[in-house]
Amino acid sequence: MHAVTLTFAYMLFLAFSIGLATAAQSPTNGSLGSIVGPIQAALVSFSGALVILAVICAFTGSGNITRMLDAPIWMWSGGLFSAFVVCVLTACTQNLGVALSMTVIMLGQLLGGMLVDTFGLFASPILEVSAPRGIGCVIILAGIALVYKDRLNDQESDEGQAPARSLLLQTLLVFCAGLGSAFQAPVNAGLGAVTGTIEASVISFAGGWITLLVAVLIMGKGHFRSFKGVKAWQLTGGIYGAFGIPALVTVTPVLGVSLAMGGSMAGQIVGGMIVDSLGAFQTKKRRMNPLRIAGAVVLLAGVLVVSLGTN
């Protein structure tokens with residue numbers, strides 16, 4: 001019994017760590033993007049993650065990557081969603097702040113997940129959205145409103161920052177990235193049922209990598225921007241990205257989908273607040289005040305309600 005409890009606690013900590021990794025990846029890529037551009041920074045992140053996942057697949061993969069040819073073409077599109085998500089977060093996190101970016105993308109993920117469940121999108125089974133899940137989303141929306149209000153207060157005191165209209169536009173883009181992340185999950189899951197989970201992840205990242213490479217070559221007219229002045233830590237975004245996939249595969253069978261996602265979301269919230277309060281990864285340091293703390297508490301309460309009402 002004691003060993004089972006320790007295993008469960010470890011898995012819960014691992015799920016929380018996935019959220020922390022997500023909160024660290026966005027400002028890492030954002031810092032690199034400020035030097036080489038957001039799309040090129042996303043390409044670097046995808047390159048690192050693709051190499052890591054390819055190695056994991058080579059040594060631990062139990063599926064058959066060539067079976068992707070048996071899957072419908074739409075199942076190959078997971079990388080497009082992923083590329084969009086990483087590009088948006090890379091471009092917007094520096095201005096929005098990590099905490100606001102993480103909470104807004106989380107709302108997009110939750111609402112996108114509801115759309116997938118309600119309408120059976122991407123060959124997913126149709127599931128009824130429970131009342132606690134809907135209530136939890138409303139609570140999370142209230143928490144986001146508090147964090148957003150706090151960010152607007154910061155905006156008024158920041159000289160040379162983008163206007164509030166630009167802040168709102170970037171917030172909407174991050175919300176759309178959350179929807180894209182929610183849509184990516186069933187696409188990759190469908191492909192994983194054909195090729196194997198890790199193999200599907202490799203295919204997804206490879207598709208995103210190709211998409212980003214083409215975008216960089218077109219926008220740069222065949223040239224890459226100089227990496228002069230780039231620090232080693234700014235190239236590590238792919239490590240955070242690659243960590244999340246095998247970790248999620250590990251914790252989900254033990255915790256269940258709802259608790260695994262709830263733990264990850266809690267990590268996103270806490271990690272975002274820590275990064276902002278410390279000014280880590282060359283982000284602007286944002287003070288912790290009662291409004292921001294209240295927003296975090298409301299967000300965590302919403303995540304708890306969603307987790308209890310998902311299964």
# chains A, B, ... in the order shown; residues from 1 in each chain; ligands from 1
>>> closest_atom_pairs(of="stretch 43-134 of chain A", to="stretch 169-173 of chain A", cutoff="12 Å", atoms="only C-alpha atoms", output="CSV")
residue,atom,partner,partner_atom,distance
A:Phe84,CA,A:Leu173,CA,9.9
A:Val85,CA,A:Leu173,CA,9.2
A:Val86,CA,A:Leu173,CA,11.5
A:Cys87,CA,A:Leu173,CA,10.3
A:Val88,CA,A:Leu173,CA,6.8
A:Leu89,CA,A:Leu173,CA,8.8
A:Thr90,CA,A:Gln170,CA,11.2
A:Ala91,CA,A:Gln170,CA,8.7
A:Cys92,CA,A:Gln170,CA,6.1
A:Thr93,CA,A:Gln170,CA,8.9
A:Gln94,CA,A:Gln170,CA,10.7
A:Asn95,CA,A:Gln170,CA,8.6
A:Leu96,CA,A:Thr171,CA,7.4
A:Gly97,CA,A:Thr171,CA,10.5
A:Val98,CA,A:Thr171,CA,11.7
A:Ala99,CA,A:Thr171,CA,11.8
A:Leu100,CA,A:Thr171,CA,8.3
A:Ser101,CA,A:Thr171,CA,7.4
A:Met102,CA,A:Thr171,CA,10.5
A:Thr103,CA,A:Thr171,CA,10.1
A:Val104,CA,A:Thr171,CA,7.0
A:Ile105,CA,A:Thr171,CA,8.8
A:Met106,CA,A:Thr171,CA,11.9
A:Leu107,CA,A:Leu172,CA,11.0
A:Gly108,CA,A:Leu172,CA,9.5
>>> residues_around(residues="stretch 125-134 of chain A", least_positions_apart="4", cutoff="8 Å", atoms="only C-alpha atoms", output="mmCIF file with N, CA, C and O atoms, in the first residue's frame")
data_model
loop_
_atom_site.group_PDB
_atom_site.id
_atom_site.type_symbol
_atom_site.label_atom_id
_atom_site.label_comp_id
_atom_site.auth_asym_id
_atom_site.auth_seq_id
_atom_site.Cartn_x
_atom_site.Cartn_y
_atom_site.Cartn_z
ATOM 1 N N MET A 114 -13.790 20.443 -25.132
ATOM 2 C CA MET A 114 -15.246 20.305 -25.068
ATOM 3 C C MET A 114 -15.853 20.190 -26.470
ATOM 4 O O MET A 114 -16.775 19.402 -26.694
ATOM 5 N N VAL A 116 -14.349 19.006 -29.128
ATOM 6 C CA VAL A 116 -13.990 17.686 -29.641
ATOM 7 C C VAL A 116 -14.918 16.625 -29.063
ATOM 8 O O VAL A 116 -15.439 15.761 -29.785
ATOM 9 N N ASP A 117 -15.157 16.705 -27.745
ATOM 10 C CA ASP A 117 -16.003 15.699 -27.082
ATOM 11 C C ASP A 117 -17.461 15.809 -27.515
ATOM 12 O O ASP A 117 -18.134 14.802 -27.745
ATOM 13 N N THR A 118 -17.955 17.041 -27.615
ATOM 14 C CA THR A 118 -19.376 17.253 -27.909
ATOM 15 C C THR A 118 -19.748 16.830 -29.322
ATOM 16 O O THR A 118 -20.799 16.221 -29.554
ATOM 17 N N PHE A 119 -18.869 17.153 -30.283
ATOM 18 C CA PHE A 119 -19.187 16.894 -31.686
ATOM 19 C C PHE A 119 -18.425 15.704 -32.277
ATOM 20 O O PHE A 119 -18.568 15.401 -33.457
ATOM 21 N N GLY A 120 -17.615 15.043 -31.456
ATOM 22 C CA GLY A 120 -16.873 13.885 -31.948
ATOM 23 C C GLY A 120 -15.908 14.235 -33.060
ATOM 24 O O GLY A 120 -15.764 13.479 -34.026
ATOM 25 N N VAL A 138 -15.868 28.095 -16.343
ATOM 26 C CA VAL A 138 -16.318 29.438 -15.965
ATOM 27 C C VAL A 138 -15.427 30.006 -14.857
ATOM 28 O O VAL A 138 -15.045 31.181 -14.882
ATOM 29 N N VAL A 305 -11.953 21.659 -10.125
ATOM 30 C CA VAL A 305 -13.334 21.339 -10.466
ATOM 31 C C VAL A 305 -13.388 20.595 -11.801
ATOM 32 O O VAL A 305 -14.113 19.606 -11.953
ATOM 33 N N VAL A 306 -12.606 21.084 -12.784
ATOM 34 C CA VAL A 306 -12.572 20.412 -14.095
ATOM 35 C C VAL A 306 -12.061 18.987 -13.949
ATOM 36 O O VAL A 306 -12.601 18.044 -14.550
ATOM 37 N N SER A 307 -11.008 18.807 -13.156
ATOM 38 C CA SER A 307 -10.419 17.479 -12.978
ATOM 39 C C SER A 307 -11.417 16.502 -12.359
ATOM 40 O O SER A 307 -11.515 15.339 -12.755
ATOM 41 N N LEU A 308 -12.189 16.986 -11.391
ATOM 42 C CA LEU A 308 -13.161 16.129 -10.738
ATOM 43 C C LEU A 308 -14.339 15.795 -11.631
ATOM 44 O O LEU A 308 -14.989 14.753 -11.464
ATOM 45 N N GLY A 309 -14.596 16.651 -12.629
ATOM 46 C CA GLY A 309 -15.764 16.446 -13.464
ATOM 47 C C GLY A 309 -15.490 15.916 -14.831
ATOM 48 O O GLY A 309 -16.412 15.770 -15.642
ATOM 49 N N THR A 310 -14.228 15.587 -15.156
ATOM 50 C CA THR A 310 -13.898 15.137 -16.517
ATOM 51 C C THR A 310 -14.273 13.692 -16.734
ATOM 52 O O THR A 310 -14.835 13.321 -17.758
#
>>> closest_atom_pairs(of="stretch 4-103 of chain A", to="stretch 247-251 of chain A", cutoff="12 Å", atoms="only C-alpha atoms", output="CSV")
residue,atom,partner,partner_atom,distance
A:Thr7,CA,A:Val251,CA,10.0
A:Phe8,CA,A:Val251,CA,8.9
A:Ala9,CA,A:Val251,CA,10.6
A:Tyr10,CA,A:Val251,CA,9.1
A:Met11,CA,A:Val251,CA,5.4
A:Leu12,CA,A:Val251,CA,7.5
A:Phe13,CA,A:Val251,CA,9.5
A:Leu14,CA,A:Ala247,CA,7.0
A:Ala15,CA,A:Val251,CA,6.6
A:Phe16,CA,A:Leu248,CA,10.3
A:Ser17,CA,A:Ala247,CA,8.9
A:Ile18,CA,A:Ala247,CA,7.1
A:Gly19,CA,A:Leu248,CA,10.4
A:Ala21,CA,A:Ala247,CA,10.8
A:Leu53,CA,A:Ala247,CA,11.9
>>> select_by_dssp(residues="stretch 166-311 of chain A", states="helix (DSSP H, G or I)", output="JSON, numbers by chain")
{"A": [166, 167, 168, 169, 170, 171, 172, 173, 174, 175, 176, 177, 178, 179, 180, 181, 182, 183, 184, 185, 186, 187, 188, 189, 190, 191, 192, 193, 194, 195, 197, 198, 199, 200, 201, 202, 203, 204, 205, 206, 207, 208, 209, 210, 211, 212, 213, 214, 215, 216, 217, 218, 219, 232, 233, 234, 235, 237, 238, 239, 240, 241, 242, 243, 244, 245, 246, 247, 248, 249, 250, 251, 252, 253, 254, 255, 257, 258, 259, 260, 261, 262, 263, 264, 265, 266, 267, 268, 269, 270, 271, 272, 273, 274, 275, 276, 277, 278, 280, 281, 282, 290, 291, 292, 293, 294, 295, 296, 297, 298, 299, 300, 301, 302, 303, 304, 305, 306, 307, 308, 309, 310]}
>>> residues_around(residues="A:Ala215", least_positions_apart="4", cutoff="9 Å", atoms="only C-alpha atoms", output="mmCIF file with C-alpha atoms, in the first residue's frame")
data_model
loop_
_atom_site.group_PDB
_atom_site.id
_atom_site.type_symbol
_atom_site.label_atom_id
_atom_site.label_comp_id
_atom_site.auth_asym_id
_atom_site.auth_seq_id
_atom_site.Cartn_x
_atom_site.Cartn_y
_atom_site.Cartn_z
ATOM 1 C CA ILE A 39 9.405 31.174 -36.575
ATOM 2 C CA GLN A 40 13.125 30.437 -36.722
ATOM 3 C CA ILE A 210 9.030 20.633 -42.268
ATOM 4 C CA THR A 211 6.274 23.273 -42.061
ATOM 5 C CA MET A 219 10.172 34.494 -45.202
ATOM 6 C CA GLY A 220 13.972 34.641 -45.115
#
>>> residues_around(residues="stretch 188-193 of chain A", least_positions_apart="2", cutoff="8 Å", atoms="only C-alpha atoms", output="mmCIF file with all heavy atoms, in the first residue's frame")
data_model
loop_
_atom_site.group_PDB
_atom_site.id
_atom_site.type_symbol
_atom_site.label_atom_id
_atom_site.label_comp_id
_atom_site.auth_asym_id
_atom_site.auth_seq_id
_atom_site.Cartn_x
_atom_site.Cartn_y
_atom_site.Cartn_z
ATOM 1 N N MET A 68 2.145 4.660 -40.878
ATOM 2 C CA MET A 68 1.517 5.955 -41.103
ATOM 3 C C MET A 68 0.883 6.019 -42.494
ATOM 4 O O MET A 68 -0.074 6.758 -42.722
ATOM 5 C CB MET A 68 2.550 7.082 -40.953
ATOM 6 C CG MET A 68 3.648 7.069 -42.002
ATOM 7 S SD MET A 68 4.806 8.444 -41.842
ATOM 8 C CE MET A 68 3.795 9.811 -42.422
ATOM 9 N N ALA A 71 -2.763 5.261 -42.461
ATOM 10 C CA ALA A 71 -3.645 6.199 -41.769
ATOM 11 C C ALA A 71 -4.185 7.243 -42.736
ATOM 12 O O ALA A 71 -3.544 7.577 -43.740
ATOM 13 C CB ALA A 71 -2.879 6.888 -40.640
ATOM 14 N N MET A 75 -4.675 12.565 -40.329
ATOM 15 C CA MET A 75 -3.960 12.186 -39.117
ATOM 16 C C MET A 75 -2.502 12.622 -39.142
ATOM 17 O O MET A 75 -1.817 12.541 -38.123
ATOM 18 C CB MET A 75 -4.048 10.672 -38.911
ATOM 19 C CG MET A 75 -5.392 10.177 -38.445
ATOM 20 S SD MET A 75 -5.352 8.411 -38.021
ATOM 21 C CE MET A 75 -7.055 8.157 -37.504
ATOM 22 N N TRP A 76 -2.024 13.070 -40.303
ATOM 23 C CA TRP A 76 -0.653 13.557 -40.394
ATOM 24 C C TRP A 76 -0.548 15.034 -40.016
ATOM 25 O O TRP A 76 0.543 15.609 -40.027
ATOM 26 C CB TRP A 76 -0.116 13.391 -41.813
ATOM 27 C CG TRP A 76 -0.110 11.993 -42.356
ATOM 28 C CD1 TRP A 76 -0.527 10.848 -41.739
ATOM 29 C CD2 TRP A 76 0.336 11.585 -43.646
ATOM 30 N NE1 TRP A 76 -0.374 9.761 -42.561
ATOM 31 C CE2 TRP A 76 0.160 10.180 -43.741
ATOM 32 C CE3 TRP A 76 0.869 12.261 -44.744
ATOM 33 C CZ2 TRP A 76 0.494 9.450 -44.880
ATOM 34 C CZ3 TRP A 76 1.208 11.531 -45.888
ATOM 35 C CH2 TRP A 76 1.019 10.141 -45.950
ATOM 36 N N GLY A 78 -1.068 16.694 -37.224
ATOM 37 C CA GLY A 78 -0.781 17.110 -35.853
ATOM 38 C C GLY A 78 0.352 18.106 -35.766
ATOM 39 O O GLY A 78 0.323 19.028 -34.943
ATOM 40 N N ALA A 123 -12.656 12.009 -35.411
ATOM 41 C CA ALA A 123 -12.975 10.602 -35.153
ATOM 42 C C ALA A 123 -12.960 10.244 -33.669
ATOM 43 O O ALA A 123 -12.788 9.081 -33.308
ATOM 44 C CB ALA A 123 -12.005 9.698 -35.909
ATOM 45 N N GLN A 184 -4.980 19.048 -31.676
ATOM 46 C CA GLN A 184 -3.824 18.207 -31.972
ATOM 47 C C GLN A 184 -3.886 16.876 -31.236
ATOM 48 O O GLN A 184 -3.489 15.836 -31.786
ATOM 49 C CB GLN A 184 -2.536 18.939 -31.591
ATOM 50 C CG GLN A 184 -1.267 18.125 -31.857
ATOM 51 C CD GLN A 184 -0.050 18.714 -31.171
ATOM 52 O OE1 GLN A 184 -0.171 19.525 -30.263
ATOM 53 N NE2 GLN A 184 1.121 18.308 -31.610
ATOM 54 N N ALA A 185 -4.393 16.911 -29.999
ATOM 55 C CA ALA A 185 -4.395 15.707 -29.161
ATOM 56 C C ALA A 185 -5.138 14.535 -29.804
ATOM 57 O O ALA A 185 -4.574 13.427 -29.907
ATOM 58 C CB ALA A 185 -4.971 16.035 -27.784
ATOM 59 N N PRO A 186 -6.387 14.698 -30.267
ATOM 60 C CA PRO A 186 -7.062 13.544 -30.884
ATOM 61 C C PRO A 186 -6.463 13.146 -32.232
ATOM 62 O O PRO A 186 -6.524 11.973 -32.604
ATOM 63 C CB PRO A 186 -8.512 14.023 -31.044
ATOM 64 C CG PRO A 186 -8.424 15.505 -31.081
ATOM 65 C CD PRO A 186 -7.294 15.849 -30.146
ATOM 66 N N THR A 195 0.237 3.734 -35.497
ATOM 67 C CA THR A 195 1.693 3.577 -35.574
ATOM 68 C C THR A 195 2.356 3.281 -34.236
ATOM 69 O O THR A 195 3.473 2.776 -34.204
ATOM 70 C CB THR A 195 2.321 4.862 -36.127
ATOM 71 O OG1 THR A 195 2.090 5.939 -35.198
ATOM 72 C CG2 THR A 195 1.737 5.222 -37.480
ATOM 73 N N GLY A 196 1.698 3.639 -33.130
ATOM 74 C CA GLY A 196 2.338 3.609 -31.825
ATOM 75 C C GLY A 196 2.471 5.041 -31.321
ATOM 76 O O GLY A 196 2.617 5.982 -32.115
ATOM 77 N N THR A 197 2.436 5.240 -29.988
ATOM 78 C CA THR A 197 2.403 6.585 -29.404
ATOM 79 C C THR A 197 3.653 7.393 -29.705
ATOM 80 O O THR A 197 3.583 8.522 -30.195
ATOM 81 C CB THR A 197 2.205 6.490 -27.886
ATOM 82 O OG1 THR A 197 0.988 5.796 -27.599
ATOM 83 C CG2 THR A 197 2.141 7.876 -27.267
ATOM 84 N N ILE A 198 4.819 6.856 -29.384
ATOM 85 C CA ILE A 198 6.060 7.594 -29.610
ATOM 86 C C ILE A 198 6.276 7.818 -31.103
ATOM 87 O O ILE A 198 6.720 8.895 -31.535
ATOM 88 C CB ILE A 198 7.267 6.838 -29.004
ATOM 89 C CG1 ILE A 198 7.100 6.723 -27.485
ATOM 90 C CG2 ILE A 198 8.566 7.565 -29.332
ATOM 91 C CD1 ILE A 198 7.067 8.049 -26.767
ATOM 92 N N GLU A 199 5.952 6.820 -31.894
ATOM 93 C CA GLU A 199 6.108 6.947 -33.350
ATOM 94 C C GLU A 199 5.233 8.084 -33.886
ATOM 95 O O GLU A 199 5.659 8.867 -34.752
ATOM 96 C CB GLU A 199 5.737 5.633 -34.032
ATOM 97 C CG GLU A 199 6.728 4.501 -33.823
ATOM 98 C CD GLU A 199 6.627 3.830 -32.461
ATOM 99 O OE1 GLU A 199 5.667 4.148 -31.716
ATOM 100 O OE2 GLU A 199 7.488 3.009 -32.123
ATOM 101 N N ALA A 200 4.006 8.189 -33.361
ATOM 102 C CA ALA A 200 3.118 9.271 -33.784
ATOM 103 C C ALA A 200 3.685 10.629 -33.390
ATOM 104 O O ALA A 200 3.547 11.614 -34.128
ATOM 105 C CB ALA A 200 1.731 9.081 -33.164
ATOM 106 N N SER A 201 4.323 10.689 -32.235
ATOM 107 C CA SER A 201 4.943 11.939 -31.794
ATOM 108 C C SER A 201 6.068 12.351 -32.730
ATOM 109 O O SER A 201 6.219 13.530 -33.068
ATOM 110 C CB SER A 201 5.476 11.786 -30.365
ATOM 111 O OG SER A 201 4.437 11.456 -29.462
ATOM 112 N N SER A 204 4.509 13.658 -35.893
ATOM 113 C CA SER A 204 3.930 14.978 -35.658
ATOM 114 C C SER A 204 5.002 16.056 -35.649
ATOM 115 O O SER A 204 4.862 17.094 -36.296
ATOM 116 C CB SER A 204 3.159 14.976 -34.336
ATOM 117 O OG SER A 204 2.633 16.253 -34.049
#
>>> decode(residues="stretch 90-110 of chain A", atoms="N, CA and C atoms", output="compact mmCIF listing (two decimals), in the first residue's frame")
# COMPACT_ATOMS: atom_id res chain seq x y z
N THR A 90 5.85 31.64 -28.83
CA THR A 90 7.17 32.26 -28.98
C THR A 90 7.04 33.75 -29.26
N ALA A 91 6.05 34.12 -30.08
CA ALA A 91 5.88 35.52 -30.47
C ALA A 91 5.20 36.36 -29.39
N CYS A 92 4.32 35.75 -28.59
CA CYS A 92 3.46 36.53 -27.69
C CYS A 92 3.87 36.51 -26.22
N THR A 93 4.61 35.49 -25.79
CA THR A 93 4.88 35.33 -24.36
C THR A 93 5.67 36.50 -23.78
N GLN A 94 6.64 37.02 -24.54
CA GLN A 94 7.46 38.11 -24.02
C GLN A 94 6.62 39.32 -23.64
N ASN A 95 5.57 39.59 -24.39
CA ASN A 95 4.73 40.76 -24.13
C ASN A 95 3.62 40.47 -23.13
N LEU A 96 2.97 39.31 -23.27
CA LEU A 96 1.86 38.97 -22.38
C LEU A 96 2.32 38.59 -20.98
N GLY A 97 3.51 38.03 -20.89
CA GLY A 97 3.94 37.43 -19.63
C GLY A 97 3.61 35.95 -19.64
N VAL A 98 4.39 35.18 -18.93
CA VAL A 98 4.23 33.72 -18.95
C VAL A 98 2.93 33.30 -18.28
N ALA A 99 2.59 33.93 -17.15
CA ALA A 99 1.40 33.52 -16.40
C ALA A 99 0.14 33.70 -17.25
N LEU A 100 -0.01 34.86 -17.87
CA LEU A 100 -1.20 35.11 -18.68
C LEU A 100 -1.23 34.19 -19.90
N SER A 101 -0.08 33.99 -20.54
CA SER A 101 -0.02 33.10 -21.70
C SER A 101 -0.44 31.69 -21.34
N MET A 102 0.05 31.17 -20.22
CA MET A 102 -0.26 29.81 -19.81
C MET A 102 -1.74 29.65 -19.45
N THR A 103 -2.31 30.66 -18.80
CA THR A 103 -3.71 30.53 -18.40
C THR A 103 -4.65 30.66 -19.59
N VAL A 104 -4.33 31.54 -20.52
CA VAL A 104 -5.20 31.71 -21.70
C VAL A 104 -5.14 30.47 -22.60
N ILE A 105 -3.95 29.93 -22.80
CA ILE A 105 -3.85 28.73 -23.65
C ILE A 105 -4.56 27.56 -22.98
N MET A 106 -4.54 27.54 -21.66
CA MET A 106 -5.24 26.48 -20.92
C MET A 106 -6.74 26.56 -21.15
N LEU A 107 -7.29 27.79 -21.16
CA LEU A 107 -8.72 27.94 -21.43
C LEU A 107 -9.05 27.45 -22.84
N GLY A 108 -8.19 27.79 -23.80
CA GLY A 108 -8.40 27.31 -25.16
C GLY A 108 -8.37 25.80 -25.24
N GLN A 109 -7.46 25.19 -24.48
CA GLN A 109 -7.37 23.73 -24.45
C GLN A 109 -8.65 23.11 -23.90
N LEU A 110 -9.16 23.69 -22.82
CA LEU A 110 -10.37 23.15 -22.20
C LEU A 110 -11.59 23.30 -23.11
